[in-house]
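Dropping final17.pdb in here (PDB, C-alpha atoms, pLDDT in the B column):
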```pdb
ATOM      1  CA  MET A  18     -51.783  25.760   9.452  1.00 63.00           C
ATOM      2  CA  SER A  19     -54.376  23.338  10.766  1.00 86.00           C
ATOM      3  CA  TYR A  20     -57.777  23.041   9.119  1.00 96.00           C
ATOM      4  CA  TYR A  21     -59.150  25.620  11.571  1.00 97.00           C
ATOM      5  CA  GLU A  22     -57.005  28.497  12.796  1.00 97.00           C
ATOM      6  CA  ARG A  23     -58.675  28.241  16.192  1.00 98.00           C
ATOM      7  CA  HIS A  24     -60.982  25.547  17.520  1.00 98.00           C
ATOM      8  CA  ILE A  25     -62.957  26.036  20.716  1.00 98.00           C
ATOM      9  CA  PHE A  26     -64.649  23.181  22.560  1.00 98.00           C
ATOM     10  CA  PHE A  27     -67.321  23.699  25.208  1.00 97.00           C
ATOM     11  CA  CYS A  28     -67.927  21.034  27.825  1.00 95.00           C
ATOM     12  CA  LEU A  29     -71.647  20.251  27.513  1.00 93.00           C
ATOM     13  CA  ASN A  30     -71.585  17.005  29.416  1.00 83.00           C
ATOM     14  CA  GLU A  31     -74.502  16.175  31.698  1.00 76.00           C
ATOM     15  CA  ARG A  32     -73.491  14.008  34.630  1.00 75.00           C
ATOM     16  CA  PRO A  33     -75.988  11.457  35.900  1.00 74.00           C
ATOM     17  CA  ASN A  34     -77.785  11.693  39.233  1.00 73.00           C
ATOM     18  CA  GLY A  35     -77.787  15.489  39.280  1.00 73.00           C
ATOM     19  CA  GLU A  36     -74.039  15.700  40.070  1.00 76.00           C
ATOM     20  CA  ASP A  37     -72.533  19.158  39.651  1.00 78.00           C
ATOM     21  CA  CYS A  38     -71.258  19.799  36.120  1.00 81.00           C
ATOM     22  CA  CYS A  39     -70.845  22.434  33.419  1.00 83.00           C
ATOM     23  CA  ALA A  40     -74.345  21.790  32.097  1.00 82.00           C
ATOM     24  CA  LEU A  41     -75.811  23.102  35.355  1.00 82.00           C
ATOM     25  CA  HIS A  42     -73.860  26.355  35.065  1.00 85.00           C
ATOM     26  CA  GLY A  43     -74.936  27.793  31.749  1.00 88.00           C
ATOM     27  CA  ALA A  44     -72.602  25.835  29.457  1.00 92.00           C
ATOM     28  CA  LYS A  45     -75.189  25.421  26.705  1.00 94.00           C
ATOM     29  CA  ALA A  46     -76.125  29.114  26.748  1.00 95.00           C
ATOM     30  CA  GLY A  47     -72.430  30.013  26.481  1.00 96.00           C
ATOM     31  CA  PHE A  48     -71.932  27.616  23.585  1.00 97.00           C
ATOM     32  CA  ASP A  49     -74.992  28.901  21.718  1.00 97.00           C
ATOM     33  CA  HIS A  50     -73.948  32.508  22.185  1.00 97.00           C
ATOM     34  CA  CYS A  51     -70.375  31.782  21.073  1.00 98.00           C
ATOM     35  CA  LYS A  52     -71.530  29.960  17.961  1.00 98.00           C
ATOM     36  CA  GLN A  53     -73.831  32.827  17.012  1.00 98.00           C
ATOM     37  CA  ARG A  54     -71.278  35.570  17.673  1.00 98.00           C
ATOM     38  CA  VAL A  55     -68.547  33.787  15.693  1.00 98.00           C
ATOM     39  CA  LYS A  56     -70.940  33.410  12.779  1.00 98.00           C
ATOM     40  CA  GLU A  57     -72.101  37.030  12.920  1.00 97.00           C
ATOM     41  CA  ALA A  58     -68.487  38.228  13.029  1.00 97.00           C
ATOM     42  CA  GLY A  59     -67.709  36.267   9.858  1.00 98.00           C
ATOM     43  CA  LEU A  60     -65.134  34.193  11.699  1.00 98.00           C
ATOM     44  CA  ALA A  61     -66.637  30.742  11.041  1.00 97.00           C
ATOM     45  CA  GLY A  62     -65.191  28.272   8.564  1.00 96.00           C
ATOM     46  CA  GLN A  63     -62.112  26.502   7.232  1.00 95.00           C
ATOM     47  CA  GLY A  64     -58.934  28.445   7.953  1.00 95.00           C
ATOM     48  CA  LYS A  65     -60.848  30.440  10.529  1.00 97.00           C
ATOM     49  CA  VAL A  66     -62.775  29.415  13.656  1.00 98.00           C
ATOM     50  CA  ARG A  67     -64.847  26.379  14.642  1.00 98.00           C
ATOM     51  CA  VAL A  68     -67.059  26.232  17.746  1.00 98.00           C
ATOM     52  CA  ASN A  69     -67.860  22.723  18.989  1.00 97.00           C
ATOM     53  CA  LYS A  70     -69.702  20.870  21.683  1.00 96.00           C
ATOM     54  CA  ALA A  71     -67.637  18.353  23.622  1.00 96.00           C
ATOM     55  CA  GLY A  72     -68.234  15.671  26.216  1.00 94.00           C
ATOM     56  CA  CYS A  73     -66.843  15.969  29.742  1.00 93.00           C
ATOM     57  CA  LEU A  74     -63.467  17.753  29.657  1.00 95.00           C
ATOM     58  CA  ASP A  75     -62.840  16.517  33.222  1.00 93.00           C
ATOM     59  CA  ARG A  76     -62.304  19.911  34.801  1.00 93.00           C
ATOM     60  CA  CYS A  77     -65.721  20.021  36.420  1.00 88.00           C
ATOM     61  CA  ALA A  78     -64.608  22.102  39.428  1.00 88.00           C
ATOM     62  CA  GLY A  79     -64.012  25.058  37.107  1.00 88.00           C
ATOM     63  CA  GLY A  80     -67.220  24.715  35.186  1.00 86.00           C
ATOM     64  CA  PRO A  81     -68.464  25.906  32.869  1.00 94.00           C
ATOM     65  CA  VAL A  82     -65.251  25.470  30.908  1.00 95.00           C
ATOM     66  CA  ALA A  83     -64.090  25.725  27.306  1.00 97.00           C
ATOM     67  CA  VAL A  84     -60.683  25.134  25.720  1.00 98.00           C
ATOM     68  CA  VAL A  85     -59.178  26.895  22.710  1.00 98.00           C
ATOM     69  CA  TYR A  86     -56.711  25.031  20.468  1.00 98.00           C
ATOM     70  CA  PRO A  87     -54.046  25.034  19.182  1.00 97.00           C
ATOM     71  CA  GLU A  88     -53.027  27.275  22.086  1.00 96.00           C
ATOM     72  CA  GLY A  89     -54.537  24.960  24.721  1.00 97.00           C
ATOM     73  CA  THR A  90     -55.973  27.928  26.596  1.00 97.00           C
ATOM     74  CA  TRP A  91     -58.663  26.966  29.131  1.00 97.00           C
ATOM     75  CA  TYR A  92     -61.420  29.390  30.048  1.00 97.00           C
ATOM     76  CA  THR A  93     -64.238  29.636  32.498  1.00 95.00           C
ATOM     77  CA  PHE A  94     -67.081  32.075  31.928  1.00 91.00           C
ATOM     78  CA  VAL A  95     -70.120  33.496  33.645  1.00 90.00           C
ATOM     79  CA  ASP A  96     -72.164  35.401  31.112  1.00 93.00           C
ATOM     80  CA  GLN A  97     -72.467  36.511  27.502  1.00 95.00           C
ATOM     81  CA  ALA A  98     -70.058  39.404  28.044  1.00 97.00           C
ATOM     82  CA  ASP A  99     -67.358  36.871  28.944  1.00 96.00           C
ATOM     83  CA  ILE A 100     -68.044  34.914  25.764  1.00 97.00           C
ATOM     84  CA  ASP A 101     -67.997  38.123  23.724  1.00 98.00           C
ATOM     85  CA  GLU A 102     -64.547  38.927  25.065  1.00 98.00           C
ATOM     86  CA  ILE A 103     -63.223  35.435  24.256  1.00 98.00           C
ATOM     87  CA  VAL A 104     -64.587  35.713  20.713  1.00 98.00           C
ATOM     88  CA  ASP A 105     -63.493  39.290  20.034  1.00 98.00           C
ATOM     89  CA  LYS A 106     -60.016  38.950  21.523  1.00 98.00           C
ATOM     90  CA  HIS A 107     -58.878  35.333  21.438  1.00 98.00           C
ATOM     91  CA  LEU A 108     -60.805  33.730  18.584  1.00 98.00           C
ATOM     92  CA  ALA A 109     -60.546  36.770  16.324  1.00 98.00           C
ATOM     93  CA  LYS A 110     -57.085  38.038  17.203  1.00 97.00           C
ATOM     94  CA  GLY A 111     -55.265  35.390  19.261  1.00 97.00           C
ATOM     95  CA  GLU A 112     -55.123  37.544  22.375  1.00 98.00           C
ATOM     96  CA  VAL A 113     -55.564  35.529  25.564  1.00 98.00           C
ATOM     97  CA  VAL A 114     -58.228  36.900  27.938  1.00 98.00           C
ATOM     98  CA  ASP A 115     -56.230  36.591  31.143  1.00 97.00           C
ATOM     99  CA  ARG A 116     -59.067  37.345  33.544  1.00 97.00           C
ATOM    100  CA  LEU A 117     -61.036  34.309  32.364  1.00 97.00           C
ATOM    101  CA  VAL A 118     -58.188  31.795  32.201  1.00 97.00           C
ATOM    102  CA  LEU A 119     -58.745  28.719  34.348  1.00 94.00           C
ATOM    103  CA  SER A 120     -56.123  28.029  37.008  1.00 90.00           C
ATOM    104  CA  PRO A 121     -54.028  24.932  36.174  1.00 87.00           C
ATOM    105  CA  CYS A 122     -54.829  23.660  39.691  1.00 87.00           C
ATOM    106  CA  ILE A 123     -58.511  23.218  38.895  1.00 87.00           C
ATOM    107  CA  GLY A 124     -59.407  19.676  37.870  1.00 86.00           C
ATOM    108  CA  ARG A 125     -62.359  17.412  38.399  1.00 81.00           C
TER     109      ARG A 125
ATOM    110  CA  MET B  28     -47.635  22.871  28.650  1.00 62.00           C
ATOM    111  CA  SER B  29     -51.398  22.787  28.349  1.00 86.00           C
ATOM    112  CA  TYR B  30     -53.518  20.886  30.863  1.00 96.00           C
ATOM    113  CA  TYR B  31     -53.394  17.826  28.595  1.00 97.00           C
ATOM    114  CA  GLU B  32     -50.297  17.019  26.561  1.00 97.00           C
ATOM    115  CA  ARG B  33     -52.527  15.740  23.761  1.00 98.00           C
ATOM    116  CA  HIS B  34     -56.285  16.043  23.372  1.00 98.00           C
ATOM    117  CA  ILE B  35     -58.175  13.998  20.786  1.00 98.00           C
ATOM    118  CA  PHE B  36     -61.754  14.766  19.770  1.00 98.00           C
ATOM    119  CA  PHE B  37     -63.959  12.307  17.901  1.00 97.00           C
ATOM    120  CA  CYS B  38     -66.859  13.576  15.818  1.00 95.00           C
ATOM    121  CA  LEU B  39     -69.873  11.705  17.200  1.00 93.00           C
ATOM    122  CA  ASN B  40     -72.512  13.920  15.701  1.00 83.00           C
ATOM    123  CA  GLU B  41     -75.690  12.346  14.371  1.00 76.00           C
ATOM    124  CA  ARG B  42     -77.209  14.316  11.533  1.00 75.00           C
ATOM    125  CA  PRO B  43     -80.986  14.409  11.211  1.00 75.00           C
ATOM    126  CA  ASN B  44     -82.958  12.682   8.459  1.00 73.00           C
ATOM    127  CA  GLY B  45     -80.430   9.873   8.024  1.00 73.00           C
ATOM    128  CA  GLU B  46     -77.895  12.131   6.255  1.00 76.00           C
ATOM    129  CA  ASP B  47     -74.431  10.642   5.905  1.00 78.00           C
ATOM    130  CA  CYS B  48     -72.195  11.400   8.889  1.00 80.00           C
ATOM    131  CA  CYS B  49     -69.411  10.012  11.075  1.00 82.00           C
ATOM    132  CA  ALA B  50     -71.924   8.272  13.345  1.00 81.00           C
ATOM    133  CA  LEU B  51     -72.928   6.002  10.480  1.00 82.00           C
ATOM    134  CA  HIS B  52     -69.310   4.935   9.893  1.00 85.00           C
ATOM    135  CA  GLY B  53     -68.214   3.501  13.224  1.00 88.00           C
ATOM    136  CA  ALA B  54     -67.313   6.745  14.980  1.00 92.00           C
ATOM    137  CA  LYS B  55     -68.658   5.614  18.357  1.00 94.00           C
ATOM    138  CA  ALA B  56     -66.830   2.268  18.187  1.00 95.00           C
ATOM    139  CA  GLY B  57     -63.593   4.096  17.366  1.00 96.00           C
ATOM    140  CA  PHE B  58     -64.090   6.500  20.252  1.00 97.00           C
ATOM    141  CA  ASP B  59     -64.859   3.708  22.714  1.00 97.00           C
ATOM    142  CA  HIS B  60     -61.832   1.713  21.629  1.00 97.00           C
ATOM    143  CA  CYS B  61     -59.546   4.749  21.815  1.00 98.00           C
ATOM    144  CA  LYS B  62     -60.754   5.644  25.294  1.00 98.00           C
ATOM    145  CA  GLN B  63     -60.165   2.106  26.513  1.00 98.00           C
ATOM    146  CA  ARG B  64     -56.735   1.729  24.927  1.00 98.00           C
ATOM    147  CA  VAL B  65     -55.513   5.095  26.281  1.00 98.00           C
ATOM    148  CA  LYS B  66     -56.670   4.071  29.751  1.00 98.00           C
ATOM    149  CA  GLU B  67     -55.076   0.628  29.551  1.00 97.00           C
ATOM    150  CA  ALA B  68     -51.799   2.148  28.367  1.00 97.00           C
ATOM    151  CA  GLY B  69     -51.718   4.460  31.402  1.00 98.00           C
ATOM    152  CA  LEU B  70     -51.830   7.510  29.166  1.00 98.00           C
ATOM    153  CA  ALA B  71     -55.011   9.097  30.550  1.00 97.00           C
ATOM    154  CA  GLY B  72     -55.021  12.148  32.798  1.00 96.00           C
ATOM    155  CA  GLN B  73     -53.711  15.641  33.457  1.00 95.00           C
ATOM    156  CA  GLY B  74     -50.375  16.264  31.725  1.00 95.00           C
ATOM    157  CA  LYS B  75     -51.069  13.258  29.533  1.00 97.00           C
ATOM    158  CA  VAL B  76     -53.910  12.389  27.164  1.00 98.00           C
ATOM    159  CA  ARG B  77     -57.633  13.126  27.092  1.00 98.00           C
ATOM    160  CA  VAL B  78     -60.096  11.416  24.720  1.00 98.00           C
ATOM    161  CA  ASN B  79     -63.345  13.316  24.092  1.00 97.00           C
ATOM    162  CA  LYS B  80     -66.568  13.148  22.192  1.00 96.00           C
ATOM    163  CA  ALA B  81     -67.343  16.180  20.047  1.00 96.00           C
ATOM    164  CA  GLY B  82     -70.239  17.479  18.015  1.00 94.00           C
ATOM    165  CA  CYS B  83     -69.985  17.824  14.237  1.00 93.00           C
ATOM    166  CA  LEU B  84     -66.446  18.797  13.235  1.00 95.00           C
ATOM    167  CA  ASP B  85     -67.787  19.751   9.778  1.00 93.00           C
ATOM    168  CA  ARG B  86     -65.549  17.449   7.762  1.00 93.00           C
ATOM    169  CA  CYS B  87     -68.289  14.910   7.101  1.00 88.00           C
ATOM    170  CA  ALA B  88     -66.919  13.808   3.717  1.00 88.00           C
ATOM    171  CA  GLY B  89     -63.892  12.301   5.456  1.00 88.00           C
ATOM    172  CA  GLY B  90     -65.850  10.589   8.208  1.00 86.00           C
ATOM    173  CA  PRO B  91     -65.286   9.107  10.616  1.00 94.00           C
ATOM    174  CA  VAL B  92     -62.843  11.803  11.702  1.00 95.00           C
ATOM    175  CA  ALA B  93     -60.912  12.772  14.810  1.00 97.00           C
ATOM    176  CA  VAL B  94     -58.533  15.662  15.492  1.00 98.00           C
ATOM    177  CA  VAL B  95     -55.510  15.694  17.798  1.00 98.00           C
ATOM    178  CA  TYR B  96     -54.464  18.955  19.469  1.00 98.00           C
ATOM    179  CA  PRO B  97     -52.252  20.880  20.019  1.00 97.00           C
ATOM    180  CA  GLU B  98     -50.834  19.616  16.716  1.00 96.00           C
ATOM    181  CA  GLY B  99     -54.125  20.032  14.846  1.00 97.00           C
ATOM    182  CA  THR B 100     -53.633  16.693  13.100  1.00 97.00           C
ATOM    183  CA  TRP B 101     -56.791  15.318  11.489  1.00 97.00           C
ATOM    184  CA  TYR B 102     -57.335  11.598  11.087  1.00 97.00           C
ATOM    185  CA  THR B 103     -59.779   9.262   9.473  1.00 95.00           C
ATOM    186  CA  PHE B 104     -59.952   5.622  10.515  1.00 91.00           C
ATOM    187  CA  VAL B 105     -61.563   2.363   9.531  1.00 91.00           C
ATOM    188  CA  ASP B 106     -61.026  -0.157  12.293  1.00 93.00           C
ATOM    189  CA  GLN B 107     -59.534  -0.790  15.716  1.00 95.00           C
ATOM    190  CA  ALA B 108     -56.056  -1.355  14.259  1.00 96.00           C
ATOM    191  CA  ASP B 109     -56.123   2.226  12.940  1.00 96.00           C
ATOM    192  CA  ILE B 110     -57.071   3.536  16.366  1.00 97.00           C
ATOM    193  CA  ASP B 111     -54.335   1.438  17.993  1.00 97.00           C
ATOM    194  CA  GLU B 112     -51.762   3.012  15.704  1.00 98.00           C
ATOM    195  CA  ILE B 113     -52.983   6.548  16.476  1.00 98.00           C
ATOM    196  CA  VAL B 114     -52.812   5.810  20.210  1.00 98.00           C
ATOM    197  CA  ASP B 115     -49.462   4.003  20.211  1.00 98.00           C
ATOM    198  CA  LYS B 116     -47.677   6.413  17.895  1.00 98.00           C
ATOM    199  CA  HIS B 117     -49.299   9.831  18.042  1.00 98.00           C
ATOM    200  CA  LEU B 118     -50.964  10.029  21.452  1.00 98.00           C
ATOM    201  CA  ALA B 119     -48.142   8.207  23.239  1.00 98.00           C
ATOM    202  CA  LYS B 120     -45.129   9.519  21.353  1.00 97.00           C
ATOM    203  CA  GLY B 121     -46.182  12.459  19.200  1.00 97.00           C
ATOM    204  CA  GLU B 122     -45.460  10.657  15.930  1.00 98.00           C
ATOM    205  CA  VAL B 123     -47.975  11.509  13.202  1.00 98.00           C
ATOM    206  CA  VAL B 124     -49.522   8.457  11.478  1.00 98.00           C
ATOM    207  CA  ASP B 125     -49.189   9.697   7.912  1.00 97.00           C
ATOM    208  CA  ARG B 126     -51.266   6.984   6.275  1.00 97.00           C
ATOM    209  CA  LEU B 127     -54.371   8.003   8.254  1.00 97.00           C
ATOM    210  CA  VAL B 128     -54.046  11.774   7.919  1.00 97.00           C
ATOM    211  CA  LEU B 129     -57.057  13.432   6.325  1.00 94.00           C
ATOM    212  CA  SER B 130     -56.426  15.438   3.176  1.00 90.00           C
ATOM    213  CA  PRO B 131     -56.828  19.194   3.750  1.00 87.00           C
ATOM    214  CA  CYS B 132     -59.162  19.225   0.729  1.00 87.00           C
ATOM    215  CA  ILE B 133     -61.808  17.166   2.508  1.00 87.00           C
ATOM    216  CA  GLY B 134     -64.525  19.247   4.097  1.00 86.00           C
ATOM    217  CA  ARG B 135     -68.213  18.888   4.605  1.00 81.00           C
TER     218      ARG B 135
END
```

Could you spell out this file's structure in structure tokens?
Amino acid sequence: MSYYERHIFFCLNERPNGEDCCALHGAKAGFDHCKQRVKEAGLAGQGKVRVNKAGCLDRCAGGPVAVVYPEGTWYTFVDQADIDEIVDKHLAKGEVVDRLVLSPCIGR
Amino acid sequence: MSYYERHIFFCLNERPNGEDCCALHGAKAGFDHCKQRVKEAGLAGQGKVRVNKAGCLDRCAGGPVAVVYPEGTWYTFVDQADIDEIVDKHLAKGEVVDRLVLSPCIGR
């Protein structure tokens, strides 16, 4: 097993000149909520789950986005309820949340 | 296959109060060099390789560190030659660079 069982990265990039990006669509709030919920659920730590900030993941058109490894599952989210579902199902139990999965056609 | 065949994240966190961290050990230079070499090698893009900044990966004692997914292989590195080897072997061909792999015992 890898050092973390599941590792989620949130795009928190801020593009210059006010260009559209995850940061303008609640990415930071989603990250903060995820971090807190993972901690409260006792999921954080080696052999368990790590929640990280990342630079631009280059899928801006789907923003805000996050990716879960090792599965390589990409998500988009709107509110805290979406994050809760990703934490409670995918990060805790490995169940993909189909309704929030980003289409493979969505790129920059 | 996931959106990227391989996704490498470099810890570029800067800890407050001058505490020891990856940023004080050439993390940014390693990231910059990796990004450039991946681009020059034609490896960058969807279905190929993505090089990203990340916040603290919480393995500070091994810093500077980077992790490659989906394999979940953790590396430490000293200079550009180390990065070149990670790019040319692991990111390009999926071959783990054993001599740079971080011990699973190394944490924060």

Query raised in the report: So which residues touch B:Ala93 within 6 Å, counting all atoms listed in the file, skipping near sequence neighbours fewer than 3 positions away, as a ChimeraX atom specification?
Result: /B:36-37,101-102

Requested in this report: Work out how far apart atom CA of A:Ile100 and atom CA of A:Pro121 are and give it in Å to one decimal.
Outcome: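 Atom CA of A:Ile100 sits 20.1 Å away from atom CA of A:Pro121.
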
Requested in this report: When you get a sec, could you note down which chain B residues fall within 8 Å of chain A, using all atoms listed in the file, as a PyMOL selection string?
Outcome: chain B and resi 29-30+36+77+79-84+96-100+131

Selected residues written out with C-alpha atoms, as a PDB file, in the coordinates of the input:
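Okay, result30.pdb is ready:
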```pdb
ATOM      1  CA  SER B  29     -51.398  22.787  28.349  1.00 86.00           C
ATOM      2  CA  TYR B  30     -53.518  20.886  30.863  1.00 96.00           C
ATOM      3  CA  PHE B  36     -61.754  14.766  19.770  1.00 98.00           C
ATOM      4  CA  ARG B  77     -57.633  13.126  27.092  1.00 98.00           C
ATOM      5  CA  ASN B  79     -63.345  13.316  24.092  1.00 97.00           C
ATOM      6  CA  LYS B  80     -66.568  13.148  22.192  1.00 96.00           C
ATOM      7  CA  ALA B  81     -67.343  16.180  20.047  1.00 96.00           C
ATOM      8  CA  GLY B  82     -70.239  17.479  18.015  1.00 94.00           C
ATOM      9  CA  CYS B  83     -69.985  17.824  14.237  1.00 93.00           C
ATOM     10  CA  LEU B  84     -66.446  18.797  13.235  1.00 95.00           C
ATOM     11  CA  TYR B  96     -54.464  18.955  19.469  1.00 98.00           C
ATOM     12  CA  PRO B  97     -52.252  20.880  20.019  1.00 97.00           C
ATOM     13  CA  GLU B  98     -50.834  19.616  16.716  1.00 96.00           C
ATOM     14  CA  GLY B  99     -54.125  20.032  14.846  1.00 97.00           C
ATOM     15  CA  THR B 100     -53.633  16.693  13.100  1.00 97.00           C
ATOM     16  CA  PRO B 131     -56.828  19.194   3.750  1.00 87.00           C
TER      17      PRO B 131
END
```

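Look at stretch 39-47 of chain A: the protein and nucleic acid residues within 6 Å of it, using only C-alpha atoms and passing over chain neighbours fewer than 5 places away, are A:Leu29, A:Glu31, A:Gly80, A:Pro81.
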
Write a file of the selected residues as a CSV table (one decimal), in the frame of the given file, keeping C-alpha atoms.
```csv
chain,number,residue,atom,x,y,z
A,29,LEU,CA,-71.6,20.3,27.5
A,31,GLU,CA,-74.5,16.2,31.7
A,80,GLY,CA,-67.2,24.7,35.2
A,81,PRO,CA,-68.5,25.9,32.9
```

Requested in this report: Tell me which residues the PyMOL selection byres ((chain A and resi 51) around 9) grabs here, as a PyMOL selection string.
Outcome: chain A and resi 46-50+52-56+68+97+100-101+103-104

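Atom to atom, atom CA of B:Arg135 and atom CA of B:Cys48 stand 9.5 Å apart.
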
Report task. Taking the file above as input, evaluate the PyMOL selection byres ((chain A and resi 109) around 9) and report the hits as an NGL selection string. Result -> :A and (23 or 55 or 58 or 60 or 65-66 or 103-108 or 110-112)

Query raised in the report: At what distance in Å, to one decimal, does atom CA of A:Ile25 lie from atom CA of A:Thr93?
Result: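 Separating atom CA of A:Thr93 from atom CA of A:Ile25 is a distance of 12.4 Å.
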
Grab all the atoms of stretch 66-80 of chain A that the file lists, wrap them in a box along x, y and z, add 3 Å per side, and give me centre plus edge lengths in Å (one decimal) as lines of an AutoDock Vina configuration file.
```
center_x = -66.0
center_y = 22.5
center_z = 26.5
size_x = 13.4
size_y = 19.7
size_z = 31.8
```

Can you patch up stretch 55-73 of chain A, filling it in to N, CA and C atoms, and show the result as a CSV table (one decimal), in the coordinates of the input?
```csv
chain,number,residue,atom,x,y,z
A,55,VAL,N,-69.6,34.1,16.7
A,55,VAL,CA,-68.5,33.8,15.7
A,55,VAL,C,-69.1,33.9,14.3
A,56,LYS,N,-70.3,33.4,14.1
A,56,LYS,CA,-70.9,33.4,12.8
A,56,LYS,C,-71.2,34.9,12.3
A,57,GLU,N,-71.8,35.6,13.2
A,57,GLU,CA,-72.1,37.0,12.9
A,57,GLU,C,-70.9,37.9,12.6
A,58,ALA,N,-69.7,37.5,13.2
A,58,ALA,CA,-68.5,38.2,13.0
A,58,ALA,C,-67.8,37.8,11.8
A,59,GLY,N,-68.3,36.8,11.1
A,59,GLY,CA,-67.7,36.3,9.9
A,59,GLY,C,-66.4,35.5,10.1
A,60,LEU,N,-66.4,34.9,11.3
A,60,LEU,CA,-65.1,34.2,11.7
A,60,LEU,C,-65.2,32.7,11.4
A,61,ALA,N,-66.4,32.2,11.1
A,61,ALA,CA,-66.6,30.7,11.0
A,61,ALA,C,-66.1,30.2,9.7
A,62,GLY,N,-65.5,29.0,9.8
A,62,GLY,CA,-65.2,28.3,8.6
A,62,GLY,C,-63.8,27.8,8.5
A,63,GLN,N,-63.5,27.0,7.4
A,63,GLN,CA,-62.1,26.5,7.2
A,63,GLN,C,-61.1,27.6,7.2
A,64,GLY,N,-60.0,27.4,7.9
A,64,GLY,CA,-58.9,28.4,8.0
A,64,GLY,C,-59.3,29.5,9.0
A,65,LYS,N,-60.5,29.4,9.5
A,65,LYS,CA,-60.8,30.4,10.5
A,65,LYS,C,-61.2,29.7,11.9
A,66,VAL,N,-62.4,29.9,12.3
A,66,VAL,CA,-62.8,29.4,13.7
A,66,VAL,C,-63.9,28.4,13.6
A,67,ARG,N,-63.8,27.4,14.5
A,67,ARG,CA,-64.8,26.4,14.6
A,67,ARG,C,-65.2,26.3,16.1
A,68,VAL,N,-66.5,26.3,16.4
A,68,VAL,CA,-67.1,26.2,17.7
A,68,VAL,C,-67.7,24.9,17.9
A,69,ASN,N,-67.3,24.1,18.8
A,69,ASN,CA,-67.9,22.7,19.0
A,69,ASN,C,-68.3,22.4,20.4
A,70,LYS,N,-69.3,21.5,20.4
A,70,LYS,CA,-69.7,20.9,21.7
A,70,LYS,C,-68.7,19.8,22.0
A,71,ALA,N,-68.5,19.5,23.3
A,71,ALA,CA,-67.6,18.4,23.6
A,71,ALA,C,-68.3,17.6,24.8
A,72,GLY,N,-67.9,16.4,25.0
A,72,GLY,CA,-68.2,15.7,26.2
A,72,GLY,C,-67.4,16.2,27.4
A,73,CYS,N,-67.5,15.5,28.5
A,73,CYS,CA,-66.8,16.0,29.7
A,73,CYS,C,-65.3,16.2,29.5
```
